[in-house]
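Trainee: Contents of start-v4.csv (CSV, C-alpha atoms) are below:
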chain,number,residue,atom,x,y,z
Y,68,MET,CA,24.6,32.1,-10.4
Y,69,SER,CA,25.2,30.2,-7.2
Y,70,VAL,CA,22.5,28.1,-5.5
Y,71,ALA,CA,22.5,30.4,-2.5
Y,72,THR,CA,22.1,33.5,-4.7
Y,73,ALA,CA,19.2,32.0,-6.6
Y,74,ILE,CA,17.4,31.1,-3.4
Y,75,ASN,CA,17.9,34.5,-1.9
Y,76,GLN,CA,16.5,36.2,-5.0
Y,77,LEU,CA,13.5,33.8,-4.8
Y,78,GLN,CA,13.0,34.7,-1.2
Y,79,SER,CA,13.0,38.4,-2.0
Y,80,LYS,CA,10.3,37.9,-4.7
Y,81,VAL,CA,8.2,35.9,-2.2
Y,82,LYS,CA,8.5,38.6,0.4
Y,83,ALA,CA,7.3,41.2,-2.2
Y,84,CYS,CA,4.0,39.2,-3.0
Y,85,ASP,CA,1.0,41.2,-1.9
Y,86,VAL,CA,-2.1,39.1,-1.0
Y,87,ALA,CA,-4.2,41.9,0.4
Y,88,THR,CA,-6.3,42.3,-2.7
Y,89,LEU,CA,-6.7,38.6,-3.7
Y,90,ASN,CA,-10.2,37.1,-3.9
Y,91,ALA,CA,-11.1,33.6,-2.6
Y,92,ASP,CA,-10.2,31.9,-5.9
Y,93,GLU,CA,-6.9,33.7,-6.1
Y,94,LEU,CA,-6.1,32.8,-2.5
Y,95,ALA,CA,-6.7,29.2,-3.3
Y,96,ALA,CA,-4.5,29.4,-6.4
Y,97,ALA,CA,-1.8,31.1,-4.3
Y,98,THR,CA,-2.0,28.5,-1.6
Y,99,SER,CA,-1.6,25.7,-4.2
Y,100,ALA,CA,1.5,27.5,-5.6
Y,101,VAL,CA,3.0,27.9,-2.2
Y,102,ARG,CA,2.5,24.2,-1.4
Y,103,GLY,CA,4.3,23.3,-4.7
Y,104,LEU,CA,7.1,25.6,-3.9
Y,105,GLU,CA,7.4,24.2,-0.4
Y,106,ARG,CA,7.7,20.7,-1.8
Y,107,SER,CA,10.3,21.8,-4.3
Y,108,LEU,CA,12.4,23.4,-1.5
Y,109,HIS,CA,12.1,20.2,0.5
Y,110,GLY,CA,13.4,18.3,-2.5
Y,111,LEU,CA,16.3,20.7,-2.7
Y,112,THR,CA,17.0,20.1,1.0
Y,113,LEU,CA,17.2,16.4,0.3
Y,114,ARG,CA,19.8,16.9,-2.4
Y,115,ILE,CA,21.8,19.2,-0.1
Y,116,GLY,CA,21.7,16.5,2.6
Y,117,GLN,CA,22.8,13.8,0.1
Y,118,ARG,CA,25.7,16.0,-1.1
Y,119,ALA,CA,26.7,16.7,2.5
Y,120,ASP,CA,26.8,13.0,3.3
Y,121,ALA,CA,28.9,12.4,0.1
Y,122,LEU,CA,31.5,15.0,1.2
Y,123,ALA,CA,31.5,13.6,4.8
Y,124,ALA,CA,32.3,10.1,3.4
Y,125,SER,CA,35.5,11.5,1.9
Y,126,GLY,CA,36.3,13.6,4.9
Y,127,ASP,CA,35.6,16.9,3.2
Y,128,GLY,CA,32.8,18.2,5.5
Y,129,PRO,CA,30.2,17.5,8.1
Y,130,ALA,CA,27.4,14.9,7.5
Y,131,ALA,CA,23.9,16.0,6.6
Y,132,ALA,CA,22.5,16.5,10.1
Y,133,GLU,CA,25.4,18.7,11.3
Y,134,ASN,CA,25.3,20.7,8.0
Y,135,PHE,CA,21.6,21.4,8.6
Y,136,ARG,CA,22.3,22.5,12.2
Y,137,ARG,CA,25.1,24.8,11.1
Y,138,GLY,CA,23.2,26.2,8.1
Y,139,GLY,CA,20.1,27.4,9.8
Y,140,SER,CA,18.3,28.0,13.1
Y,141,VAL,CA,16.7,24.6,13.5
Y,142,SER,CA,16.4,22.1,16.3
Y,143,ASP,CA,18.5,19.0,16.5
Y,144,LYS,CA,15.3,17.0,16.0
Y,145,ARG,CA,14.5,18.7,12.7
Y,146,ALA,CA,18.1,18.5,11.5
Y,147,ARG,CA,18.1,14.7,12.2
Y,148,SER,CA,14.7,14.3,10.5
Y,149,GLU,CA,15.9,16.1,7.4
Y,150,ALA,CA,19.1,14.0,7.3
Y,151,LYS,CA,17.0,10.8,7.5
Y,152,ARG,CA,14.8,12.0,4.6
Y,153,ALA,CA,17.9,12.6,2.6
Y,154,LYS,CA,19.1,9.0,3.2
Y,155,THR,CA,15.7,7.6,2.3
Y,156,ALA,CA,15.7,9.6,-1.0
Y,157,ALA,CA,19.2,8.4,-1.7
Y,158,ARG,CA,18.0,4.8,-1.4
Y,159,MET,CA,14.8,5.4,-3.3
Y,160,PRO,CA,15.5,8.4,-5.7
Y,161,GLY,CA,12.2,8.2,-7.3
Y,162,LEU,CA,10.5,9.5,-4.1
Y,163,GLY,CA,13.0,12.3,-3.9
Y,164,ASP,CA,12.3,13.3,-7.5
Y,165,ALA,CA,8.6,13.2,-6.9
Y,166,LEU,CA,9.0,15.5,-3.9
Y,167,SER,CA,11.2,18.0,-5.9
Y,168,ASN,CA,8.6,18.1,-8.7
Y,169,GLY,CA,5.9,19.0,-6.1
Y,170,GLU,CA,4.0,15.7,-6.8
Y,171,THR,CA,4.3,14.4,-3.2
Y,172,SER,CA,5.0,15.8,0.3
Y,173,ASP,CA,7.6,15.2,2.9
Y,174,GLU,CA,5.0,13.3,4.9
Y,175,HIS,CA,5.0,10.7,2.2
Y,176,LEU,CA,8.8,10.4,2.5
Y,177,ASP,CA,8.5,10.3,6.3
Y,178,ALA,CA,6.2,7.2,6.0
Y,179,VAL,CA,8.9,5.4,4.0
Y,180,THR,CA,11.6,6.5,6.4
Y,181,ALA,CA,9.7,5.1,9.3
Y,182,ALA,CA,9.1,1.8,7.5
Y,183,LEU,CA,12.8,1.4,6.6
Y,184,ARG,CA,13.8,1.9,10.2
Y,185,GLY,CA,12.5,-1.5,11.1
Y,186,LEU,CA,14.1,-3.5,8.3
Y,187,ASP,CA,17.5,-5.2,8.0
Y,188,GLU,CA,19.6,-4.6,4.9
Y,189,SER,CA,18.3,-7.5,2.9
Y,190,GLU,CA,14.7,-6.5,3.8
Y,191,LYS,CA,15.5,-2.9,2.7
Y,192,GLU,CA,16.6,-4.2,-0.6
Y,193,ALA,CA,13.4,-6.2,-1.0
Y,194,PHE,CA,11.4,-3.1,0.0
Y,195,ALA,CA,13.2,-0.9,-2.6
Y,196,GLU,CA,12.1,-3.3,-5.3
Y,197,GLU,CA,8.6,-1.8,-4.9
Y,198,GLU,CA,9.8,1.7,-5.4
Y,199,ASP,CA,7.9,2.3,-8.7
Y,200,SER,CA,4.7,1.2,-7.2
Y,201,LEU,CA,5.2,3.3,-4.1
Y,202,VAL,CA,6.1,6.4,-6.1
Y,203,SER,CA,2.9,6.0,-8.1
Y,204,SER,CA,0.9,5.5,-5.0
Y,205,ALA,CA,2.5,8.5,-3.3
Y,206,LYS,CA,1.5,10.8,-6.2
Y,207,ARG,CA,-2.2,9.8,-5.9
Y,208,LEU,CA,-2.8,9.0,-2.3
Y,209,PRO,CA,-2.9,11.3,0.8
Y,210,PRO,CA,-0.2,10.6,3.4
Y,211,GLU,CA,-2.6,8.7,5.7
Y,212,GLN,CA,-3.6,6.2,3.1
Y,213,PHE,CA,-0.1,6.0,1.6
Y,214,ARG,CA,1.3,5.2,5.1
Y,215,LYS,CA,-0.9,2.0,5.2
Y,216,LYS,CA,0.4,0.9,1.8
Y,217,VAL,CA,4.0,1.4,2.9
Y,218,GLN,CA,3.3,-0.6,6.1
Y,219,ARG,CA,2.0,-3.5,3.9
Y,220,ALA,CA,5.1,-3.3,1.7
Y,221,ALA,CA,7.3,-3.4,4.7
Y,222,GLN,CA,5.5,-6.6,5.9
Y,223,ARG,CA,6.0,-8.2,2.5
Y,224,ALA,CA,9.7,-7.3,2.7
Y,225,ARG,CA,9.9,-9.0,6.2
Y,226,LYS,CA,7.9,-11.9,4.8
Y,227,ASP,CA,5.5,-11.8,7.8
Y,228,THR,CA,1.9,-10.9,8.3
Y,229,GLY,CA,2.4,-8.6,11.3
Y,230,GLU,CA,2.0,-11.3,13.9
Y,231,GLN,CA,5.3,-10.5,15.7
Y,232,ASN,CA,4.5,-6.8,15.9
Y,233,ALA,CA,1.0,-7.5,17.1
Y,234,GLU,CA,2.2,-9.8,19.9
Y,235,ALA,CA,4.9,-7.3,20.9
Y,236,GLN,CA,2.2,-4.6,21.2
Y,237,ARG,CA,0.1,-6.9,23.4
Y,238,ARG,CA,3.1,-7.6,25.6
Y,239,ALA,CA,3.8,-3.8,25.8
Y,240,SER,CA,0.3,-3.1,27.0
Y,241,SER,CA,0.1,-2.0,30.6
Y,242,PHE,CA,-2.2,-0.6,33.3
Y,243,SER,CA,-1.4,1.1,36.6
Y,244,SER,CA,-3.6,2.8,39.2
Y,245,TRP,CA,-3.1,4.9,42.3
Y,246,THR,CA,-4.9,7.2,44.8
Y,247,ASP,CA,-3.9,10.7,45.5
Y,248,ARG,CA,-3.9,12.5,48.9
Y,249,ASP,CA,-7.5,13.7,48.3
Y,250,GLY,CA,-8.7,10.2,47.8
Y,251,MET,CA,-9.3,10.5,44.1
Y,252,GLY,CA,-8.4,7.5,42.1
Y,253,HIS,CA,-6.2,7.7,39.0
Y,254,PHE,CA,-5.1,5.2,36.4
Y,255,ARG,CA,-2.9,5.1,33.3
Y,256,GLY,CA,-2.7,2.5,30.6
Y,257,THR,CA,-1.3,1.7,27.2
Y,258,LEU,CA,-3.1,-0.8,25.0
Y,259,ASP,CA,-2.4,-2.5,21.7
Y,260,PRO,CA,-4.6,-1.2,18.8
Y,261,GLU,CA,-7.2,-4.0,18.8
Y,262,ARG,CA,-8.0,-3.7,22.5
Y,263,PHE,CA,-7.7,0.1,22.5
Y,264,ALA,CA,-10.4,0.2,19.7
Y,265,ALA,CA,-12.6,-2.1,21.8
Y,266,PHE,CA,-12.0,-0.1,25.0
Y,267,VAL,CA,-12.7,3.3,23.5
Y,268,GLY,CA,-15.7,2.0,21.4
Y,269,ALA,CA,-17.4,0.5,24.5
Y,270,ILE,CA,-17.1,3.7,26.5
Y,271,GLU,CA,-18.3,5.8,23.6
Y,272,ARG,CA,-21.4,3.7,23.0
Y,273,HIS,CA,-22.3,3.4,26.7
Y,274,THR,CA,-21.7,7.1,27.2
Y,275,ALA,CA,-24.2,7.8,24.4
Y,276,SER,CA,-26.7,5.3,26.0
Y,277,LEU,CA,-26.4,7.1,29.4
Y,278,ALA,CA,-26.9,10.5,27.7
Y,279,ASN,CA,-30.2,9.3,26.3
Y,280,ARG,CA,-31.4,7.1,29.2
Y,281,SER,CA,-33.6,9.7,30.9
Y,282,GLY,CA,-35.5,10.4,27.6
Y,283,GLU,CA,-33.9,13.9,27.6
Y,284,GLN,CA,-30.8,14.7,25.6
Y,285,VAL,CA,-27.9,15.1,28.0
Y,286,GLN,CA,-24.6,16.5,26.8
Y,287,LYS,CA,-21.9,13.9,26.7
Y,288,ASN,CA,-18.9,14.9,28.8
Y,289,PRO,CA,-15.9,13.4,30.5
Y,290,ASN,CA,-17.8,12.9,33.8
Y,291,LEU,CA,-20.5,10.9,31.9
Y,292,ALA,CA,-17.7,8.9,30.2
Y,293,ALA,CA,-16.3,8.0,33.6
Y,294,ALA,CA,-19.7,6.8,34.7
Y,295,ALA,CA,-20.0,4.7,31.6
Y,296,LEU,CA,-16.6,3.1,32.3
Y,297,CYS,CA,-17.6,2.2,35.8
Y,298,ASP,CA,-20.9,0.7,34.5
Y,299,LEU,CA,-19.1,-1.4,32.0
Y,300,VAL,CA,-16.5,-2.7,34.5
Y,301,ALA,CA,-19.3,-3.5,37.1
Y,302,GLY,CA,-21.5,-5.2,34.5
Y,303,GLY,CA,-18.9,-7.1,32.6
Y,304,ASN,CA,-19.8,-5.1,29.5
Y,305,GLY,CA,-23.1,-6.9,29.3
Y,306,ARG,CA,-22.1,-8.4,25.9
Y,307,GLN,CA,-21.4,-12.0,26.8
Y,308,GLY,CA,-17.7,-11.3,26.8
Y,309,ARG,CA,-17.6,-10.0,23.3
Y,310,THR,CA,-15.7,-6.9,22.5
Y,311,HIS,CA,-17.0,-4.5,19.8
Y,312,VAL,CA,-14.5,-3.8,17.1
Y,313,SER,CA,-15.4,-2.6,13.6
Y,314,LEU,CA,-13.2,-4.8,11.4
Y,315,VAL,CA,-12.8,-4.3,7.6
Y,316,VAL,CA,-11.7,-7.5,5.8
Y,317,ASP,CA,-12.0,-8.3,2.1
Y,318,GLU,CA,-13.9,-11.5,1.3
Y,319,HIS,CA,-10.9,-13.3,-0.3
Y,320,THR,CA,-8.8,-12.8,2.8
Y,321,ALA,CA,-11.5,-14.0,5.1
Y,322,ALA,CA,-12.1,-17.1,2.9
Y,323,HIS,CA,-8.5,-18.0,1.8
Y,324,GLY,CA,-6.0,-15.9,3.9
Y,325,GLN,CA,-3.3,-13.5,3.0
Y,326,HIS,CA,-2.9,-12.2,-0.6
Y,327,PRO,CA,-1.1,-9.2,-2.2
Y,328,GLY,CA,-4.2,-7.0,-2.0
Y,329,THR,CA,-5.3,-8.0,1.5
Y,330,VAL,CA,-7.4,-5.5,3.4
Y,331,ARG,CA,-7.5,-6.3,7.1
Y,332,GLU,CA,-7.9,-3.4,9.5
Y,333,THR,CA,-10.1,-1.6,12.0
Y,334,SER,CA,-12.5,1.1,10.8
Y,335,ASN,CA,-10.0,3.8,11.7
Y,336,GLY,CA,-7.3,2.1,9.5
Y,337,THR,CA,-5.2,0.3,12.1
Y,338,PRO,CA,-3.9,-3.0,10.6
Y,339,VAL,CA,-5.0,-6.2,12.2
Y,340,THR,CA,-3.1,-9.5,11.8
Y,341,HIS,CA,-4.8,-12.4,10.0
Y,342,THR,CA,-5.0,-14.6,13.1
Y,343,ALA,CA,-6.4,-11.7,15.2
Y,344,ALA,CA,-9.0,-11.1,12.5
Y,345,GLY,CA,-10.0,-14.8,12.6
Y,346,ARG,CA,-10.4,-14.6,16.4
Y,347,LEU,CA,-12.5,-11.5,16.2
Y,348,LEU,CA,-14.7,-12.9,13.4
Y,349,CYS,CA,-15.2,-16.2,15.4
Y,350,ASP,CA,-18.0,-14.6,17.4
Y,351,ALA,CA,-19.2,-11.6,15.5
Y,352,VAL,CA,-21.9,-9.8,13.5
Y,353,LEU,CA,-20.9,-9.2,9.9
Y,354,GLN,CA,-21.9,-6.3,7.8
Y,355,ARG,CA,-21.4,-7.0,4.1
Y,356,VAL,CA,-20.6,-4.0,1.9
Y,357,VAL,CA,-20.1,-4.5,-1.8
Y,358,LEU,CA,-18.1,-1.7,-3.5
Y,359,ASP,CA,-17.5,-0.9,-7.1
Y,360,PRO,CA,-13.9,-0.3,-8.4
Y,361,GLN,CA,-14.2,3.3,-7.4
Y,362,GLY,CA,-15.2,2.4,-3.8
Y,363,VAL,CA,-18.8,3.4,-4.2
Y,364,PRO,CA,-21.2,1.1,-2.2
Y,365,LEU,CA,-23.4,-1.0,-4.5
Y,366,ASP,CA,-25.0,-3.3,-2.0
Y,367,VAL,CA,-25.2,-3.6,1.8
Y,368,GLY,CA,-26.4,-6.7,3.7
Y,369,ARG,CA,-26.1,-8.2,7.1
Y,370,LYS,CA,-25.2,-11.8,8.2
Y,371,HIS,CA,-24.9,-13.0,11.8
Y,372,ARG,CA,-22.2,-15.5,12.7
Y,373,THR,CA,-22.4,-14.9,16.4
Y,374,ALA,CA,-24.0,-17.4,18.8
Y,375,THR,CA,-27.7,-16.6,19.4
Y,376,ASP,CA,-29.1,-15.8,22.8
Y,377,ALA,CA,-30.7,-19.3,22.8
Y,378,GLN,CA,-27.4,-20.9,22.0
Y,379,TRP,CA,-25.8,-18.9,24.8
Y,380,THR,CA,-28.5,-20.1,27.2
Y,381,ALA,CA,-27.7,-23.7,26.2
Y,382,LEU,CA,-24.0,-23.1,26.7
Y,383,LYS,CA,-24.6,-21.6,30.1
Y,384,ALA,CA,-26.7,-24.7,31.0
Y,385,ILE,CA,-23.6,-26.8,30.2
Y,386,TYR,CA,-20.8,-24.6,31.4
Y,387,ARG,CA,-20.4,-22.4,34.5
Y,388,THR,CA,-16.9,-21.4,33.3
Y,389,CYS,CA,-14.6,-21.2,30.3
Y,390,ALA,CA,-14.3,-24.6,28.6
Y,391,MET,CA,-10.5,-24.5,29.2
Y,392,CYS,CA,-10.1,-22.7,32.6
Y,393,ASP,CA,-12.1,-21.5,35.6
Y,394,LEU,CA,-13.0,-18.0,34.5
Y,395,SER,CA,-16.8,-17.3,34.6
Y,396,VAL,CA,-18.7,-18.1,31.5
Y,397,ASP,CA,-20.1,-14.6,31.6
Y,398,TRP,CA,-16.7,-13.3,30.5
Y,399,CYS,CA,-16.4,-15.8,27.6
Y,400,GLN,CA,-16.7,-15.7,23.9
Y,401,ALA,CA,-18.2,-18.4,21.6
Y,402,HIS,CA,-15.4,-20.2,19.8
Y,403,HIS,CA,-16.1,-22.1,16.5
Y,404,LEU,CA,-14.1,-25.4,16.7
Y,405,ASP,CA,-14.6,-25.8,13.0
Y,406,PRO,CA,-13.7,-22.2,11.9
Y,407,TRP,CA,-16.4,-20.1,10.4
Y,408,HIS,CA,-15.5,-18.6,7.0
Y,409,PRO,CA,-17.5,-17.1,4.1
Y,410,PRO,CA,-17.7,-19.3,1.0
Y,411,PRO,CA,-14.9,-19.2,-1.6
Y,412,THR,CA,-17.2,-17.9,-4.3
Y,413,GLY,CA,-20.5,-16.0,-4.3
Y,414,GLY,CA,-22.9,-15.3,-1.4
Y,415,TRP,CA,-22.3,-15.6,2.3
Y,416,ARG,CA,-24.1,-18.9,3.2
Y,417,GLU,CA,-22.5,-20.9,6.0
Y,418,GLY,CA,-21.3,-24.5,5.4
Y,419,ARG,CA,-18.8,-27.2,6.3
Y,420,GLY,CA,-15.5,-28.1,4.9
Y,421,GLN,CA,-13.9,-25.3,2.9
Y,422,ARG,CA,-16.7,-23.0,3.9
Y,423,GLY,CA,-16.0,-23.4,7.6
Y,424,GLY,CA,-18.1,-24.5,10.6
Y,425,LEU,CA,-21.7,-23.7,11.2
Y,426,THR,CA,-22.8,-21.6,14.2
Y,427,ASN,CA,-24.3,-24.6,15.8
Y,428,LEU,CA,-24.2,-25.8,19.4
Y,429,ASP,CA,-22.1,-28.9,18.5
Y,430,ASN,CA,-19.5,-26.5,17.0
Y,431,LEU,CA,-19.3,-24.0,19.9
Y,432,VAL,CA,-17.6,-23.9,23.2
Y,433,PRO,CA,-17.2,-20.8,25.6
Y,434,VAL,CA,-13.6,-19.7,26.0
Y,435,CYS,CA,-12.1,-16.7,27.8
Y,436,SER,CA,-10.1,-14.1,25.9
Y,437,LEU,CA,-6.8,-15.6,26.9
Y,438,ASP,CA,-7.7,-19.1,25.8
Y,439,HIS,CA,-9.3,-17.7,22.6
Y,440,HIS,CA,-5.9,-16.1,21.8
Y,441,LEU,CA,-4.3,-19.5,22.3
Y,442,LEU,CA,-6.7,-21.2,19.9
Y,443,HIS,CA,-6.2,-18.5,17.2
Y,444,GLU,CA,-2.8,-16.8,17.5
Y,445,GLY,CA,-1.2,-19.4,19.8
Y,446,GLY,CA,-1.4,-22.4,17.4
Y,447,TYR,CA,-3.4,-24.5,19.8
Y,448,THR,CA,-6.3,-26.6,18.5
Y,449,ALA,CA,-9.3,-28.2,20.1
Y,450,LYS,CA,-11.6,-31.1,19.2
Y,451,LEU,CA,-15.1,-31.7,20.8
Y,452,ARG,CA,-16.4,-35.2,21.2
Y,453,PRO,CA,-20.1,-36.0,21.0
Y,454,ASP,CA,-20.3,-36.1,24.9
Y,455,ARG,CA,-18.7,-32.6,24.9
Y,456,THR,CA,-15.4,-33.8,26.2
Y,457,LEU,CA,-12.9,-31.3,24.9
Y,458,GLU,CA,-9.4,-32.3,23.7
Y,459,VAL,CA,-6.9,-29.5,23.5
Y,460,PHE,CA,-3.7,-30.0,21.5
Y,461,GLN,CA,-0.5,-28.0,21.7
Y,462,PRO,CA,1.0,-26.4,18.5
Y,463,ASP,CA,3.2,-29.5,18.0
Y,464,GLY,CA,0.1,-31.7,17.9
Y,465,SER,CA,0.5,-33.3,21.3
Y,466,LEU,CA,-2.4,-33.6,23.7
Y,467,TRP,CA,-2.4,-30.9,26.3
Y,468,LYS,CA,-5.7,-31.2,28.2
Y,469,THR,CA,-8.7,-33.4,28.1
Y,470,LEU,CA,-11.6,-31.5,29.7
Y,471,ARG,CA,-15.3,-32.1,30.6
Y,472,PRO,CA,-17.8,-29.2,31.1
Y,473,ASP,CA,-17.4,-28.1,34.7
Y,474,ARG,CA,-21.1,-28.8,35.4
Y,475,PHE,CA,-20.3,-32.5,34.7
Y,476,GLY,CA,-17.0,-32.5,36.6
Y,477,ARG,CA,-14.0,-30.5,35.5
Y,478,SER,CA,-11.1,-32.3,34.0
Y,479,GLU,CA,-10.5,-35.9,33.1
Y,480,GLY,CA,-6.8,-35.2,32.8
Y,481,ARG,CA,-4.2,-32.5,32.1
Y,482,VAL,CA,-0.7,-32.7,30.9
Can the structure from this file be put into structure tokens for me?
Mentor:
Amino acid sequence: MSVATAINQLQSKVKACDVATLNADELAAATSAVRGLERSLHGLTLRIGQRADALAASGDGPAAAENFRRGGSVSDKRARSEAKRAKTAARMPGLGDALSNGETSDEHLDAVTAALRGLDESEKEAFAEEEDSLVSSAKRLPPEQFRKKVQRAAQRARKDTGEQNAEAQRRASSFSSWTDRDGMGHFRGTLDPERFAAFVGAIERHTASLANRSGEQVQKNPNLAAAALCDLVAGGNGRQGRTHVSLVVDEHTAAHGQHPGTVRETSNGTPVTHTAAGRLLCDAVLQRVVLDPQGVPLDVGRKHRTATDAQWTALKAIYRTCAMCDLSVDWCQAHHLDPWHPPPTGGWREGRGQRGGLTNLDNLVPVCSLDHHLLHEGGYTAKLRPDRTLEVFQPDGSLWKTLRPDRFGRSEGRV
């Protein structure tokens, strides 16, 4: 029996299925069976695409994408997508087998296809070495969680920590505004994941605050969100220049840096680079959550590493502006010159040396967001003398600026 005949017979049997008399349990069982059949058919589509590519290589037929276009009423986009899945399965056959067996979905394969797209040939080979682990994860994880695991595997293949991609996303961020003929203002923007999370989170929190301000529950709506945005812009966010981002970082990463099991992402699962995490944690409120191996919370505690109101009052008495530029201190964040880190083992007590700097006034200077990025992601370092003269060094170690707090006279000298 030909493949086409077998499939046609299967199609006829499927058409003959009567679901009108099924109860809830039977409907659930039927749905599960349909999903398994869908995945097996997707696996068969992969094998058809691989065979088409093999024939095309010898000049005996069209490649997979063209074969899919000719063989069914599908869009060019779908045909190309199916052809890409076939190539991914050819490189990592274990994933194709898992799909054919109904153990994974095409979404799992799409996650791998997307990751491979950004790798060169040597990096793809390094990525393929993790096939067994990825297949095992695909069988037990939903596509959303599997996608994050694939992204981390791709980073390991590239031997980077995502810094280049994060910087590219920041450079690609944009904002534009215009006024229409009726005088209504419009704006459009694209933000990198970190700043987008902070932007949306600030609006959502202030919208909720406005909804409850009168003492009566007011329905949140787009108009109220617009009012919240205007309030935040006019008031400088009222948070001493600190953005609000929920960041999930495992203790070992926070204390020692990158490791194979690193977890470092926003609460919605968006990966964050190690240096960006360090900058965000420089002036932050930590919520400690201890989980058991199954992910069930065992203990929850709170530890502040942010500058206190009293410390900010003292900093404002010393500085009118950023310690490194002329931006108002109201838009600054407190930077730990001796980085704050949780201890290597046990507890979350602050300390010096390996445990990082204390949140003390002699370890804090106010810096704007741009300069904070220079000191964390940019490789710049700073040293504070006892008289609060700040020495800023370039990534190569050479002195860049020597600065005094602006209230005492701005700069002693700049390079």
Trainee: From (16.3, -12.3, 1.8), in the file's coordinates, out to 10 Å: which residues are reached, counting all atoms listed in the file? Answer as a ChimeraX atom specification.
Mentor: /Y:187-193,224-226
Trainee: If you measure from CA of Arg248 (chain Y) to CA of Asn288 (chain Y), what distance in Å do you get, rounded to one decimal?
Mentor: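 Those two atoms sit 25.2 Å apart.
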Trainee: Nearest residue to Ala178 (chain Y) out of Y:Ala124, Y:Ala150, Y:Ala95, Y:Val217, using all atoms listed in the file?
Mentor: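 Of all the options, Y:Val217 lies closest to Ala178 (chain Y).
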Trainee: Which residue gives the smallest distance to Val396 (chain Y) among Y:Thr155, Y:Pro472, Y:Ser204, Y:Gly464, with only C-alpha atoms counted?
Mentor: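 Counting only C-alpha atoms, the residue closest to Val396 (chain Y) is Y:Pro472.
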Trainee: Please list as a PyMOL selection string every residue within 7 Å of region 105-118 of chain Y, counting all atoms listed in the file and excluding residues in the same chain fewer than 2 positions away.
Mentor: chain Y and resi 101-103+120-122+131+150+152-154+157+163+166-169+172
Trainee: Using C-alpha atoms, can you export the residues from the last selection as a PDB file, in the frame of the given file?
Mentor:
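Output (selection27.pdb):
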ATOM      1  CA  VAL Y 101       3.000  27.900  -2.200  1.00  0.00           C
ATOM      2  CA  ARG Y 102       2.500  24.200  -1.400  1.00  0.00           C
ATOM      3  CA  GLY Y 103       4.300  23.300  -4.700  1.00  0.00           C
ATOM      4  CA  ASP Y 120      26.800  13.000   3.300  1.00  0.00           C
ATOM      5  CA  ALA Y 121      28.900  12.400   0.100  1.00  0.00           C
ATOM      6  CA  LEU Y 122      31.500  15.000   1.200  1.00  0.00           C
ATOM      7  CA  ALA Y 131      23.900  16.000   6.600  1.00  0.00           C
ATOM      8  CA  ALA Y 150      19.100  14.000   7.300  1.00  0.00           C
ATOM      9  CA  ARG Y 152      14.800  12.000   4.600  1.00  0.00           C
ATOM     10  CA  ALA Y 153      17.900  12.600   2.600  1.00  0.00           C
ATOM     11  CA  LYS Y 154      19.100   9.000   3.200  1.00  0.00           C
ATOM     12  CA  ALA Y 157      19.200   8.400  -1.700  1.00  0.00           C
ATOM     13  CA  GLY Y 163      13.000  12.300  -3.900  1.00  0.00           C
ATOM     14  CA  LEU Y 166       9.000  15.500  -3.900  1.00  0.00           C
ATOM     15  CA  SER Y 167      11.200  18.000  -5.900  1.00  0.00           C
ATOM     16  CA  ASN Y 168       8.600  18.100  -8.700  1.00  0.00           C
ATOM     17  CA  GLY Y 169       5.900  19.000  -6.100  1.00  0.00           C
ATOM     18  CA  SER Y 172       5.000  15.800   0.300  1.00  0.00           C
TER      19      SER Y 172
END
Trainee: Using CA of Trp467 (chain Y) and CA of Gly324 (chain Y) as the two end points, give the distance in Å to one decimal.
Mentor: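 Result for CA of Trp467 (chain Y) versus CA of Gly324 (chain Y): 27.2 Å, one decimal.
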Trainee: Quote the spacing between CA of Arg346 (chain Y) and CA of Ala269 (chain Y) in Å to one decimal place.
Mentor: 18.5 Å
Trainee: Using all atoms listed in the file, which protein or nucleic acid residues come within 9 Å of Leu296 (chain Y)? Drop anything in the same chain fewer than 2 positions from it, and give the result as a ChimeraX atom specification.
Mentor: /Y:269-270,273-274,291-294,298-301
Trainee: Would you export the selected residues with C-alpha atoms as an mmCIF file, in the coordinates of the input, please?
Mentor:
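The resulting file, part22.cif, is shown below:
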data_model
loop_
_atom_site.group_PDB
_atom_site.id
_atom_site.type_symbol
_atom_site.label_atom_id
_atom_site.label_comp_id
_atom_site.auth_asym_id
_atom_site.auth_seq_id
_atom_site.Cartn_x
_atom_site.Cartn_y
_atom_site.Cartn_z
ATOM 1 C CA ALA Y 269 -17.400 0.500 24.500
ATOM 2 C CA ILE Y 270 -17.100 3.700 26.500
ATOM 3 C CA HIS Y 273 -22.300 3.400 26.700
ATOM 4 C CA THR Y 274 -21.700 7.100 27.200
ATOM 5 C CA LEU Y 291 -20.500 10.900 31.900
ATOM 6 C CA ALA Y 292 -17.700 8.900 30.200
ATOM 7 C CA ALA Y 293 -16.300 8.000 33.600
ATOM 8 C CA ALA Y 294 -19.700 6.800 34.700
ATOM 9 C CA ASP Y 298 -20.900 0.700 34.500
ATOM 10 C CA LEU Y 299 -19.100 -1.400 32.000
ATOM 11 C CA VAL Y 300 -16.500 -2.700 34.500
ATOM 12 C CA ALA Y 301 -19.300 -3.500 37.100
#
Trainee: From the options Y:Leu258, Y:Val70, Y:Ala146, Y:Met391, which residue's atoms come nearest to His439 (chain Y), counting all atoms listed in the file?
Mentor: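 Answer, going by the shortest atom-to-atom distance: Y:Met391.
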Trainee: Determine, counting all atoms listed in the file, every residue of protein, DNA or RNA that lies within 10 Å of (-22.2, -25.7, 28.9) in the file coordinates, then give the result as a list in words.
Mentor: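 Answer for this query, in the requested form: Gln378, Trp379, Thr380, Ala381, Leu382, Lys383, Ala384, Ile385, Tyr386, Arg387, Thr388, Cys389, Ala390, Val396, Leu428, Leu431, Val432, Pro433, Arg455, Arg471, Pro472, Asp473, Arg474 and Phe475 of chain Y.
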